[in-house]
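Student: Handing over protein_33.cif, mmCIF, C-alpha atoms.
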data_data
#
loop_
_atom_site.group_PDB
_atom_site.id
_atom_site.type_symbol
_atom_site.label_atom_id
_atom_site.label_comp_id
_atom_site.auth_asym_id
_atom_site.auth_seq_id
_atom_site.Cartn_x
_atom_site.Cartn_y
_atom_site.Cartn_z
ATOM 1 C CA MET A 245 186.700 -24.123 -70.909
ATOM 2 C CA PHE A 246 188.550 -21.863 -73.299
ATOM 3 C CA VAL A 247 185.985 -20.604 -75.803
ATOM 4 C CA VAL A 248 187.083 -18.913 -79.035
ATOM 5 C CA THR A 249 184.628 -17.142 -81.319
ATOM 6 C CA GLY A 250 185.130 -16.766 -85.054
ATOM 7 C CA ALA A 251 187.141 -19.980 -84.935
ATOM 8 C CA THR A 252 187.094 -20.567 -88.689
ATOM 9 C CA GLY A 253 188.441 -17.074 -89.368
ATOM 10 C CA GLY A 254 192.133 -16.301 -89.604
ATOM 11 C CA LEU A 255 192.651 -14.959 -86.080
ATOM 12 C CA GLY A 256 190.218 -17.288 -84.306
ATOM 13 C CA ARG A 257 191.599 -20.458 -85.861
ATOM 14 C CA ALA A 258 195.167 -19.343 -85.240
ATOM 15 C CA THR A 259 194.311 -18.756 -81.585
ATOM 16 C CA VAL A 260 192.887 -22.256 -81.245
ATOM 17 C CA GLU A 261 196.132 -23.574 -82.738
ATOM 18 C CA ALA A 262 198.143 -21.420 -80.329
ATOM 19 C CA LEU A 263 196.180 -22.735 -77.336
ATOM 20 C CA LEU A 264 196.874 -26.287 -78.440
ATOM 21 C CA ALA A 265 200.549 -25.443 -78.906
ATOM 22 C CA ARG A 266 200.640 -24.114 -75.341
ATOM 23 C CA GLY A 267 199.474 -27.491 -74.079
ATOM 24 C CA VAL A 268 195.806 -26.747 -73.438
ATOM 25 C CA PRO A 269 193.999 -30.095 -73.842
ATOM 26 C CA ALA A 270 191.784 -30.124 -76.933
ATOM 27 C CA GLU A 271 188.768 -31.177 -74.865
ATOM 28 C CA ARG A 272 189.082 -27.940 -72.883
ATOM 29 C CA ILE A 273 188.781 -25.789 -76.009
ATOM 30 C CA ALA A 274 185.468 -24.876 -77.621
ATOM 31 C CA ALA A 275 185.508 -23.371 -81.104
ATOM 32 C CA VAL A 276 182.456 -21.219 -81.843
ATOM 33 C CA VAL A 277 181.615 -21.429 -85.540
ATOM 34 C CA ARG A 278 178.762 -20.649 -87.903
ATOM 35 C CA LYS A 279 179.495 -23.630 -90.152
ATOM 36 C CA PRO A 280 180.817 -26.659 -88.249
ATOM 37 C CA GLU A 281 181.830 -28.412 -91.466
ATOM 38 C CA ARG A 282 184.528 -25.784 -91.926
ATOM 39 C CA ALA A 283 186.129 -26.828 -88.644
ATOM 40 C CA ALA A 284 185.891 -30.595 -89.056
ATOM 41 C CA ASP A 285 189.662 -30.887 -88.736
ATOM 42 C CA LEU A 286 189.558 -29.237 -85.318
ATOM 43 C CA ALA A 287 186.786 -31.595 -84.197
ATOM 44 C CA ALA A 288 188.883 -34.546 -85.372
ATOM 45 C CA ARG A 289 191.635 -33.361 -83.007
ATOM 46 C CA GLY A 290 189.243 -33.272 -80.065
ATOM 47 C CA VAL A 291 188.272 -29.601 -80.048
ATOM 48 C CA GLN A 292 184.604 -29.104 -79.184
ATOM 49 C CA LEU A 293 182.582 -27.295 -81.852
ATOM 50 C CA ARG A 294 179.718 -25.023 -80.832
ATOM 51 C CA GLN A 295 177.515 -23.578 -83.550
ATOM 52 C CA ALA A 296 176.499 -19.957 -83.114
ATOM 53 C CA ASP A 297 176.066 -16.795 -85.133
ATOM 54 C CA TYR A 298 176.547 -13.165 -84.087
ATOM 55 C CA ASP A 299 173.391 -12.372 -86.076
ATOM 56 C CA ARG A 300 171.369 -14.916 -84.068
ATOM 57 C CA PRO A 301 171.696 -13.700 -80.470
ATOM 58 C CA GLU A 302 169.770 -16.670 -79.085
ATOM 59 C CA THR A 303 172.586 -19.000 -80.168
ATOM 60 C CA LEU A 304 175.338 -17.173 -78.305
ATOM 61 C CA ALA A 305 174.749 -17.790 -74.575
ATOM 62 C CA PRO A 306 174.541 -21.587 -75.031
ATOM 63 C CA ALA A 307 177.799 -21.453 -76.987
ATOM 64 C CA PHE A 308 179.454 -19.538 -74.141
ATOM 65 C CA ALA A 309 178.251 -21.912 -71.411
ATOM 66 C CA ASP A 310 180.990 -22.904 -68.916
ATOM 67 C CA ALA A 311 183.467 -20.477 -70.511
ATOM 68 C CA GLU A 312 186.183 -19.681 -68.005
ATOM 69 C CA ARG A 313 187.976 -17.656 -70.684
ATOM 70 C CA LEU A 314 186.290 -16.303 -73.816
ATOM 71 C CA LEU A 315 188.089 -14.778 -76.788
ATOM 72 C CA PHE A 316 185.643 -12.413 -78.457
ATOM 73 C CA VAL A 317 186.935 -11.855 -81.982
ATOM 74 C CA SER A 318 185.397 -8.711 -83.448
ATOM 75 C CA SER A 319 183.176 -9.151 -86.484
ATOM 76 C CA THR A 320 183.471 -7.636 -89.948
ATOM 77 C CA GLY A 321 180.897 -5.725 -91.968
ATOM 78 C CA PRO A 322 179.104 -2.381 -91.923
ATOM 79 C CA ASP A 323 179.455 -0.503 -88.637
ATOM 80 C CA GLU A 324 175.771 -0.556 -87.689
ATOM 81 C CA ALA A 325 175.602 -4.322 -88.043
ATOM 82 C CA ARG A 326 178.855 -4.820 -86.147
ATOM 83 C CA VAL A 327 177.710 -2.750 -83.178
ATOM 84 C CA ALA A 328 174.498 -4.801 -82.915
ATOM 85 C CA GLN A 329 176.482 -8.041 -83.167
ATOM 86 C CA HIS A 330 178.969 -6.943 -80.534
ATOM 87 C CA ARG A 331 176.238 -5.871 -78.134
ATOM 88 C CA ALA A 332 174.674 -9.309 -78.557
ATOM 89 C CA VAL A 333 177.976 -11.051 -77.788
ATOM 90 C CA VAL A 334 178.540 -9.035 -74.622
ATOM 91 C CA ALA A 335 174.964 -9.599 -73.458
ATOM 92 C CA ALA A 336 175.295 -13.347 -74.051
ATOM 93 C CA ALA A 337 178.659 -13.479 -72.269
ATOM 94 C CA THR A 338 177.075 -11.724 -69.304
ATOM 95 C CA GLU A 339 174.134 -14.134 -69.321
ATOM 96 C CA ALA A 340 176.480 -17.117 -69.494
ATOM 97 C CA GLY A 341 178.599 -15.843 -66.615
ATOM 98 C CA VAL A 342 181.855 -15.876 -68.554
ATOM 99 C CA GLY A 343 184.864 -15.808 -66.238
ATOM 100 C CA LEU A 344 187.043 -13.548 -68.406
ATOM 101 C CA LEU A 345 186.258 -11.909 -71.734
ATOM 102 C CA ALA A 346 189.192 -10.983 -73.973
ATOM 103 C CA TYR A 347 188.176 -8.640 -76.780
ATOM 104 C CA THR A 348 190.137 -8.058 -79.988
ATOM 105 C CA SER A 349 190.039 -4.287 -80.350
ATOM 106 C CA VAL A 350 192.284 -1.956 -82.364
ATOM 107 C CA LEU A 351 195.458 -0.091 -81.442
ATOM 108 C CA ALA A 352 194.766 3.022 -79.320
ATOM 109 C CA ALA A 353 191.031 2.499 -79.783
ATOM 110 C CA ASP A 354 190.158 5.358 -77.435
ATOM 111 C CA THR A 355 192.039 7.952 -79.502
ATOM 112 C CA SER A 356 192.592 6.397 -82.934
ATOM 113 C CA PRO A 357 191.427 8.425 -85.952
ATOM 114 C CA LEU A 358 190.736 5.268 -87.987
ATOM 115 C CA VAL A 359 187.132 4.925 -89.144
ATOM 116 C CA LEU A 360 187.046 1.357 -87.894
ATOM 117 C CA ALA A 361 188.045 2.457 -84.384
ATOM 118 C CA GLU A 362 184.580 3.833 -83.632
ATOM 119 C CA VAL A 363 183.029 0.352 -83.462
ATOM 120 C CA HIS A 364 185.785 -0.713 -81.082
ATOM 121 C CA ARG A 365 185.298 2.352 -78.872
ATOM 122 C CA ILE A 366 181.608 1.569 -78.595
ATOM 123 C CA THR A 367 182.283 -2.106 -77.905
ATOM 124 C CA GLU A 368 184.890 -1.358 -75.250
ATOM 125 C CA ARG A 369 182.351 0.911 -73.562
ATOM 126 C CA VAL A 370 179.655 -1.783 -73.719
ATOM 127 C CA ILE A 371 182.041 -4.306 -72.189
ATOM 128 C CA ALA A 372 182.975 -1.896 -69.386
ATOM 129 C CA GLU A 373 179.315 -1.196 -68.652
ATOM 130 C CA SER A 374 178.542 -4.924 -68.505
ATOM 131 C CA GLY A 375 180.739 -5.403 -65.460
ATOM 132 C CA LEU A 376 182.301 -8.533 -66.966
ATOM 133 C CA PRO A 377 185.920 -9.246 -66.015
ATOM 134 C CA SER A 378 187.651 -8.317 -69.248
ATOM 135 C CA VAL A 379 190.953 -7.675 -70.976
ATOM 136 C CA LEU A 380 191.439 -5.598 -74.115
ATOM 137 C CA LEU A 381 193.716 -6.841 -76.878
ATOM 138 C CA ARG A 382 194.192 -3.720 -78.957
ATOM 139 C CA ASN A 383 195.679 -5.249 -82.073
ATOM 140 C CA GLY A 384 197.807 -3.169 -84.386
ATOM 141 C CA TRP A 385 198.064 -3.709 -88.127
ATOM 142 C CA TYR A 386 198.443 -7.220 -89.507
ATOM 143 C CA THR A 387 201.181 -7.573 -92.099
ATOM 144 C CA GLU A 388 198.670 -9.689 -94.030
ATOM 145 C CA ASN A 389 196.378 -6.670 -94.429
ATOM 146 C CA HIS A 390 198.733 -5.429 -97.140
ATOM 147 C CA ALA A 391 200.827 -8.502 -97.915
ATOM 148 C CA ALA A 392 197.808 -10.487 -99.133
ATOM 149 C CA GLY A 393 197.855 -8.389 -102.296
ATOM 150 C CA LEU A 394 201.548 -8.901 -102.969
ATOM 151 C CA PRO A 395 201.261 -11.942 -105.275
ATOM 152 C CA ARG A 396 199.301 -9.749 -107.694
ATOM 153 C CA ALA A 397 201.792 -6.925 -107.148
ATOM 154 C CA VAL A 398 204.675 -9.243 -108.040
ATOM 155 C CA GLU A 399 202.917 -10.137 -111.288
ATOM 156 C CA SER A 400 202.323 -6.511 -112.219
ATOM 157 C CA GLY A 401 205.486 -5.132 -110.676
ATOM 158 C CA VAL A 402 203.496 -2.529 -108.764
ATOM 159 C CA LEU A 403 202.056 -2.397 -105.243
ATOM 160 C CA VAL A 404 199.468 0.364 -104.991
ATOM 161 C CA GLY A 405 198.130 2.128 -101.957
ATOM 162 C CA SER A 406 197.443 5.529 -100.478
ATOM 163 C CA ALA A 407 199.769 5.561 -97.468
ATOM 164 C CA GLY A 408 202.418 7.889 -98.853
ATOM 165 C CA LYS A 409 205.642 7.599 -96.877
ATOM 166 C CA GLY A 410 203.772 6.715 -93.706
ATOM 167 C CA ARG A 411 204.762 3.666 -91.712
ATOM 168 C CA ALA A 412 202.925 1.035 -89.684
ATOM 169 C CA ALA A 413 204.267 -1.275 -86.981
ATOM 170 C CA PHE A 414 203.200 -4.438 -88.791
ATOM 171 C CA ALA A 415 203.114 -7.859 -87.134
ATOM 172 C CA ALA A 416 201.916 -11.239 -88.358
ATOM 173 C CA ARG A 417 198.402 -12.424 -87.600
ATOM 174 C CA ALA A 418 199.893 -15.475 -85.923
ATOM 175 C CA ASP A 419 201.722 -13.181 -83.486
ATOM 176 C CA PHE A 420 198.448 -11.617 -82.373
ATOM 177 C CA ALA A 421 196.886 -15.074 -82.032
ATOM 178 C CA GLU A 422 199.785 -16.317 -79.926
ATOM 179 C CA ALA A 423 199.478 -13.241 -77.734
ATOM 180 C CA ALA A 424 195.758 -13.899 -77.292
ATOM 181 C CA ALA A 425 196.501 -17.472 -76.241
ATOM 182 C CA THR A 426 199.101 -16.207 -73.775
ATOM 183 C CA VAL A 427 196.582 -13.850 -72.200
ATOM 184 C CA LEU A 428 193.835 -16.483 -72.111
ATOM 185 C CA THR A 429 196.090 -18.929 -70.274
ATOM 186 C CA GLY A 430 197.632 -16.288 -68.000
ATOM 187 C CA GLU A 431 196.674 -15.185 -64.532
ATOM 188 C CA ASP A 432 195.377 -11.837 -63.260
ATOM 189 C CA GLN A 433 194.430 -10.508 -66.701
ATOM 190 C CA ALA A 434 191.155 -8.764 -65.837
ATOM 191 C CA GLY A 435 191.358 -5.010 -66.294
ATOM 192 C CA LYS A 436 194.479 -5.037 -68.453
ATOM 193 C CA VAL A 437 194.797 -3.226 -71.767
ATOM 194 C CA TYR A 438 197.437 -4.372 -74.246
ATOM 195 C CA GLU A 439 198.532 -2.111 -77.100
ATOM 196 C CA LEU A 440 199.909 -4.708 -79.515
ATOM 197 C CA THR A 441 202.306 -3.712 -82.296
ATOM 198 C CA GLY A 442 205.231 -5.041 -84.257
ATOM 199 C CA ASP A 443 208.754 -4.194 -83.154
ATOM 200 C CA THR A 444 209.508 -1.805 -86.010
ATOM 201 C CA ALA A 445 207.494 0.373 -88.365
ATOM 202 C CA HIS A 446 207.603 -0.071 -92.149
ATOM 203 C CA SER A 447 206.250 1.823 -95.148
ATOM 204 C CA LEU A 448 204.408 0.234 -98.053
ATOM 205 C CA ALA A 449 207.517 0.959 -100.129
ATOM 206 C CA ASP A 450 209.387 -1.244 -97.638
ATOM 207 C CA LEU A 451 206.862 -4.035 -98.181
ATOM 208 C CA ALA A 452 207.257 -3.713 -101.949
ATOM 209 C CA ALA A 453 211.028 -3.978 -101.545
ATOM 210 C CA GLU A 454 210.660 -7.108 -99.408
ATOM 211 C CA ALA A 455 208.363 -8.635 -102.023
ATOM 212 C CA SER A 456 210.889 -7.822 -104.703
ATOM 213 C CA ALA A 457 213.671 -9.482 -102.729
ATOM 214 C CA ALA A 458 211.592 -12.595 -102.002
ATOM 215 C CA ALA A 459 210.322 -12.958 -105.572
ATOM 216 C CA GLY A 460 213.520 -11.996 -107.342
ATOM 217 C CA ARG A 461 211.533 -9.570 -109.480
ATOM 218 C CA PRO A 462 211.244 -5.779 -109.320
ATOM 219 C CA VAL A 463 208.238 -4.516 -107.365
ATOM 220 C CA ARG A 464 207.741 -0.825 -106.700
ATOM 221 C CA TYR A 465 205.230 1.052 -104.600
ATOM 222 C CA GLU A 466 202.906 3.497 -106.387
ATOM 223 C CA ASP A 467 201.093 5.988 -104.208
ATOM 224 C CA LEU A 468 197.583 6.885 -105.331
ATOM 225 C CA THR A 469 195.245 9.609 -104.175
ATOM 226 C CA PRO A 470 192.474 8.283 -101.934
ATOM 227 C CA GLU A 471 190.021 8.813 -104.787
ATOM 228 C CA ARG A 472 192.062 6.775 -107.259
ATOM 229 C CA TYR A 473 192.731 4.063 -104.666
ATOM 230 C CA THR A 474 188.992 3.855 -103.993
ATOM 231 C CA GLU A 475 188.361 3.331 -107.704
ATOM 232 C CA PHE A 476 191.138 0.728 -107.881
ATOM 233 C CA LEU A 477 189.740 -1.337 -104.996
ATOM 234 C CA GLY A 478 186.187 -0.966 -106.268
ATOM 235 C CA SER A 479 187.234 -2.527 -109.558
ATOM 236 C CA PHE A 480 187.755 -5.820 -107.726
ATOM 237 C CA GLY A 481 184.152 -5.897 -106.519
ATOM 238 C CA LEU A 482 184.870 -5.191 -102.859
ATOM 239 C CA PRO A 483 181.848 -3.966 -100.891
ATOM 240 C CA ASP A 484 181.735 -0.236 -100.268
ATOM 241 C CA PHE A 485 182.261 -0.529 -96.508
ATOM 242 C CA ALA A 486 185.419 -2.597 -97.032
ATOM 243 C CA VAL A 487 186.821 -0.152 -99.572
ATOM 244 C CA GLU A 488 186.178 2.730 -97.189
ATOM 245 C CA LEU A 489 188.002 0.992 -94.336
ATOM 246 C CA VAL A 490 191.012 0.036 -96.461
ATOM 247 C CA VAL A 491 191.420 3.482 -97.993
ATOM 248 C CA ASP A 492 190.919 5.199 -94.644
ATOM 249 C CA ALA A 493 193.532 2.937 -93.036
ATOM 250 C CA ASP A 494 196.093 3.875 -95.683
ATOM 251 C CA VAL A 495 195.361 7.571 -95.258
ATOM 252 C CA ARG A 496 195.752 7.229 -91.485
ATOM 253 C CA ILE A 497 199.024 5.357 -91.991
ATOM 254 C CA SER A 498 200.204 8.320 -94.039
ATOM 255 C CA GLU A 499 199.401 10.510 -91.016
ATOM 256 C CA GLY A 500 201.297 8.272 -88.594
ATOM 257 C CA ALA A 501 198.343 6.706 -86.792
ATOM 258 C CA LEU A 502 199.787 3.176 -86.879
ATOM 259 C CA GLU A 503 203.528 3.735 -86.566
ATOM 260 C CA THR A 504 203.643 3.526 -82.755
ATOM 261 C CA VAL A 505 205.793 0.724 -81.347
ATOM 262 C CA THR A 506 204.826 -0.312 -77.813
ATOM 263 C CA GLY A 507 206.673 -3.526 -77.009
ATOM 264 C CA ASP A 508 203.549 -5.143 -75.521
ATOM 265 C CA LEU A 509 203.303 -7.788 -78.226
ATOM 266 C CA ALA A 510 206.924 -8.890 -78.007
ATOM 267 C CA GLU A 511 206.645 -9.037 -74.216
ATOM 268 C CA LEU A 512 203.641 -11.357 -74.400
ATOM 269 C CA LEU A 513 205.350 -13.493 -77.030
ATOM 270 C CA GLY A 514 208.619 -13.661 -75.140
ATOM 271 C CA ARG A 515 210.407 -13.095 -78.455
ATOM 272 C CA PRO A 516 210.670 -10.504 -81.220
ATOM 273 C CA THR A 517 207.604 -10.084 -83.392
ATOM 274 C CA THR A 518 207.628 -11.692 -86.832
ATOM 275 C CA PRO A 519 209.224 -9.304 -89.344
ATOM 276 C CA PRO A 520 207.227 -8.452 -92.475
ATOM 277 C CA SER A 521 209.924 -10.097 -94.605
ATOM 278 C CA ALA A 522 209.080 -13.522 -93.152
ATOM 279 C CA THR A 523 205.332 -13.104 -93.626
ATOM 280 C CA ILE A 524 205.788 -11.809 -97.168
ATOM 281 C CA ALA A 525 208.114 -14.678 -98.105
ATOM 282 C CA GLY A 526 205.550 -17.171 -96.789
ATOM 283 C CA ILE A 527 202.667 -15.609 -98.695
ATOM 284 C CA LEU A 528 204.584 -15.487 -101.963
ATOM 285 C CA ALA A 529 205.812 -19.067 -101.529
ATOM 286 C CA ALA A 530 202.252 -20.264 -100.929
ATOM 287 C CA ALA A 531 201.048 -18.417 -104.029
ATOM 288 C CA ALA A 532 203.795 -19.796 -106.262
#
Kindly transcribe the structure held in the file into structure tokens.

Tutor:
Amino acid sequence: MFVVTGATGGLGRATVEALLARGVPAERIAAVVRKPERAADLAARGVQLRQADYDRPETLAPAFADAERLLFVSSTGPDEARVAQHRAVVAAATEAGVGLLAYTSVLAADTSPLVLAEVHRITERVIAESGLPSVLLRNGWYTENHAAGLPRAVESGVLVGSAGKGRAAFAARADFAEAAATVLTGEDQAGKVYELTGDTAHSLADLAAEASAAAGRPVRYEDLTPERYTEFLGSFGLPDFAVELVVDADVRISEGALETVTGDLAELLGRPTTPPSATIAGILAAAA
């Protein structure tokens, strides 16, 4: 069985779709979800639903039963909670005797200065100590991380951030999902580490220009100090931990932490990565 956690989230669901697109029979895919009603469409297509929750460790091992390949999608939330959740997932995967665990980490997790990288460093260490056959999918920055706010930016004419002139090697979430499906269905993956990035690096000013071109309206990038950007994000009611991660990511982009281009993602895809322009056009079209 191919078991995918977080299967109602963006990356998890996209990976299930990518497995199906690769010809994996639906009955050989198990989608691990907290709320089965949110995945009713997958069940209707023959995908098996298994209810489990990272915060309820006792539910995890049964959900991982007979998993030949398990995609462990990292959780979101405050760091302390995430570490506990991730430890529970690894323990349950070990108990269930998972054949291969693929973990969605972050680019250059072992050296990255991003605040969010610490959870991934700890999790990678826990996985290594477990002795489970594993593969690390060190995902770079999703275009959607910044493009999701572009419909509002088109309305106001301004995209704000705190990344300065820094650049990130953006790629679409679907690219990372397709890569995960490729690894899950591949052979001899245990022990591999993939540093997954887009093919070219772009600044937030570049994203604003792409939004302007797609919308036919002027959109400019306005760079804020980290303090002002924190206030801006807080005004939308985002939880403090989320604001901290977003602001920190922009600051690290300004320092060059996410501009590396590796080629690993394109190699797994067997094609160029999706350019930000395509993702941005799709998001703005959907919002229209």

Student: Kindly provide, as lines of an AutoDock Vina configuration file, the centre and edge lengths (Å, one decimal) of an axis-aligned box around all atoms of range 366-370 of chain A given in the file, with 3 Å on each side.

Tutor:
center_x = 182.3
center_y = -0.3
center_z = -76.1
size_x = 11.2
size_y = 9.7
size_z = 11.0

Student: Give as a list in words the residues that the PyMOL selection byres ((chain A and resi 275-283) around 8) matches when applied to the coordinates above.

Tutor: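 Listing what the PyMOL selection byres ((chain A and resi 275-283) around 8) selects in the shown file: Val247, Val248, Thr249, Gly250, Ala251, Thr252, Val260, Ile273, Ala274, Ala284, Asp285, Leu286, Ala287, Val291, Gln292, Leu293, Arg294, Gln295, Ala296, Asp297 and Ala307 of chain A.
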
Student: Any chance you could work out the residue set of the PyMOL selection byres ((chain A and resi 346-351) around 8) here, as a PyMOL selection string?

Tutor: chain A and resi 313-318+344-345+352-353+356+361+364+368+378-384+424+428+439-441+502

Student: For this file, the PyMOL selection byres ((chain A and resi 338) around 10) selects which residues, as a ChimeraX atom specification?

Tutor: /A:305,308,332-337,339-343,345,371,374-377

Student: From the list A:Ala458, A:Val359, A:Val268, A:Leu255, which residue is nearest Ala418 in chain A when using all atoms listed in the file?

Tutor: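 With all atoms listed in the file as the atom set, the closest residue is A:Leu255.
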
Student: Pick from A:Phe414, A:Tyr298, A:Tyr465, A:Trp385: nearest to Ala522 in chain A, with all atoms listed in the file counted?

Tutor: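 Checking each candidate against Ala522 in chain A, we get A:Phe414 as the closest.
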
Student: Which is closest to Glu511 in chain A among A:Val427, A:Gly526, A:Glu475, A:Ala532, if we use only C-alpha atoms?

Tutor: A:Val427

Student: With all atoms listed in the file as the basis for distance, which of A:Glu362, A:Glu454, A:Glu466, A:Asp443 is at the shortest distance from Gly507 in chain A?

Tutor: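 Checking each of A:Glu362, A:Glu454, A:Glu466, A:Asp443 against Gly507 in chain A, counting all atoms listed in the file, the winner is A:Asp443.
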
Student: Using all atoms listed in the file, can you tell me which of A:Pro519, A:Ala529, A:Val487, A:Gly410 comes closest to Thr504 in chain A?

Tutor: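 Comparing A:Pro519, A:Ala529, A:Val487, A:Gly410 against Thr504 in chain A, the winner is A:Gly410.
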
Student: Find the distance between CA of Ala425 in chain A and CA of Thr320 in chain A and write it in Å to one decimal.

Tutor: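 So the answer is 21.3 Å.
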
Student: Got a sec to check which residues sit within 12 Å of (178.8, -3.1, -88.3), counting all atoms listed in the file, and write them as a PyMOL selection string?

Tutor: chain A and resi 298-299+318-331+359-364+366-367+485-486+489

Student: Skipping near chain neighbours, those fewer than 4 positions away, what residues fall within 10 Å of Ala457 in chain A using only C-alpha atoms, listed as a list in words?

Tutor: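 My reading of the contact set: Leu451, Ala452, Ala453, Arg461, Pro462, Val463, Ser521, Ile524 and Ala525 of chain A.
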
Student: Mind pulling up the distance from CA of Glu422 in chain A to CA of Arg272 in chain A?

Tutor: 17.3 Å

Student: Kindly indicate which residue among A:Ser479, A:Phe246, A:Ala309, A:Val437 lies nearest to Ala262 in chain A, using all atoms listed in the file for the distances.

Tutor: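 Of A:Ser479, A:Phe246, A:Ala309, A:Val437, the one nearest Ala262 in chain A, counting all atoms listed in the file, is A:Phe246.
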
Student: For CA of Glu503 in chain A and CA of Thr444 in chain A, determine how far apart the two atoms are, in Å to one decimal place.

Tutor: 8.2 Å

Student: Would you list the contacts of Ser400 in chain A as a CSV table (one decimal) with C-alpha atoms, keeping the file's coordinate frame, taking every protein, DNA or RNA residue within 10 Å and counting all atoms listed in the file, but skipping same-chain residues closer than 3 positions in sequence?

Tutor:
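Produced file result-v3.csv, reproduced below:
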chain,number,residue,atom,x,y,z
A,394,LEU,CA,201.5,-8.9,-103.0
A,395,PRO,CA,201.3,-11.9,-105.3
A,396,ARG,CA,199.3,-9.7,-107.7
A,397,ALA,CA,201.8,-6.9,-107.1
A,403,LEU,CA,202.1,-2.4,-105.2
A,462,PRO,CA,211.2,-5.8,-109.3
A,463,VAL,CA,208.2,-4.5,-107.4
A,464,ARG,CA,207.7,-0.8,-106.7

Student: Filtering to N, CA, C and O atoms, could range 251-264 of chain A of the supplied structure be written out as a tab-separated table (two decimals), in the first residue's frame?

Tutor:
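The resulting decode-v8.tsv:
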chain	number	residue	atom	x	y	z
A	251	ALA	N	-3.73	13.93	3.87
A	251	ALA	CA	-4.23	13.78	2.51
A	251	ALA	C	-5.36	14.73	2.14
A	251	ALA	O	-5.81	14.74	1.00
A	252	THR	N	-5.82	15.55	3.09
A	252	THR	CA	-6.76	16.61	2.72
A	252	THR	C	-6.07	17.96	2.66
A	252	THR	O	-6.70	18.97	2.35
A	253	GLY	N	-4.78	17.99	2.95
A	253	GLY	CA	-4.00	19.22	2.80
A	253	GLY	C	-3.54	19.38	1.36
A	253	GLY	O	-3.68	18.46	0.54
A	254	GLY	N	-2.98	20.54	1.06
A	254	GLY	CA	-2.58	20.82	-0.32
A	254	GLY	C	-1.59	19.83	-0.88
A	254	GLY	O	-1.79	19.28	-1.97
A	255	LEU	N	-0.49	19.56	-0.16
A	255	LEU	CA	0.54	18.68	-0.67
A	255	LEU	C	0.10	17.22	-0.64
A	255	LEU	O	0.33	16.47	-1.61
A	256	GLY	N	-0.53	16.79	0.45
A	256	GLY	CA	-0.96	15.41	0.56
A	256	GLY	C	-1.97	15.02	-0.51
A	256	GLY	O	-1.83	13.99	-1.18
A	257	ARG	N	-2.98	15.86	-0.68
A	257	ARG	CA	-4.00	15.56	-1.70
A	257	ARG	C	-3.37	15.55	-3.10
A	257	ARG	O	-3.68	14.68	-3.91
A	258	ALA	N	-2.51	16.52	-3.37
A	258	ALA	CA	-1.87	16.57	-4.67
A	258	ALA	C	-1.01	15.34	-4.92
A	258	ALA	O	-0.89	14.87	-6.07
A	259	THR	N	-0.42	14.78	-3.87
A	259	THR	CA	0.38	13.58	-4.03
A	259	THR	C	-0.50	12.37	-4.34
A	259	THR	O	-0.15	11.53	-5.17
A	260	VAL	N	-1.64	12.28	-3.68
A	260	VAL	CA	-2.59	11.22	-4.01
A	260	VAL	C	-2.98	11.31	-5.49
A	260	VAL	O	-3.00	10.32	-6.22
A	261	GLU	N	-3.28	12.53	-5.94
A	261	GLU	CA	-3.64	12.73	-7.35
A	261	GLU	C	-2.48	12.32	-8.27
A	261	GLU	O	-2.69	11.72	-9.33
A	262	ALA	N	-1.26	12.65	-7.86
A	262	ALA	CA	-0.10	12.32	-8.68
A	262	ALA	C	0.13	10.81	-8.73
A	262	ALA	O	0.53	10.27	-9.77
A	263	LEU	N	-0.13	10.12	-7.63
A	263	LEU	CA	-0.01	8.65	-7.63
A	263	LEU	C	-1.03	8.04	-8.59
A	263	LEU	O	-0.70	7.13	-9.37
A	264	LEU	N	-2.24	8.54	-8.54
A	264	LEU	CA	-3.27	8.05	-9.45
A	264	LEU	C	-2.88	8.32	-10.90
A	264	LEU	O	-3.06	7.47	-11.78
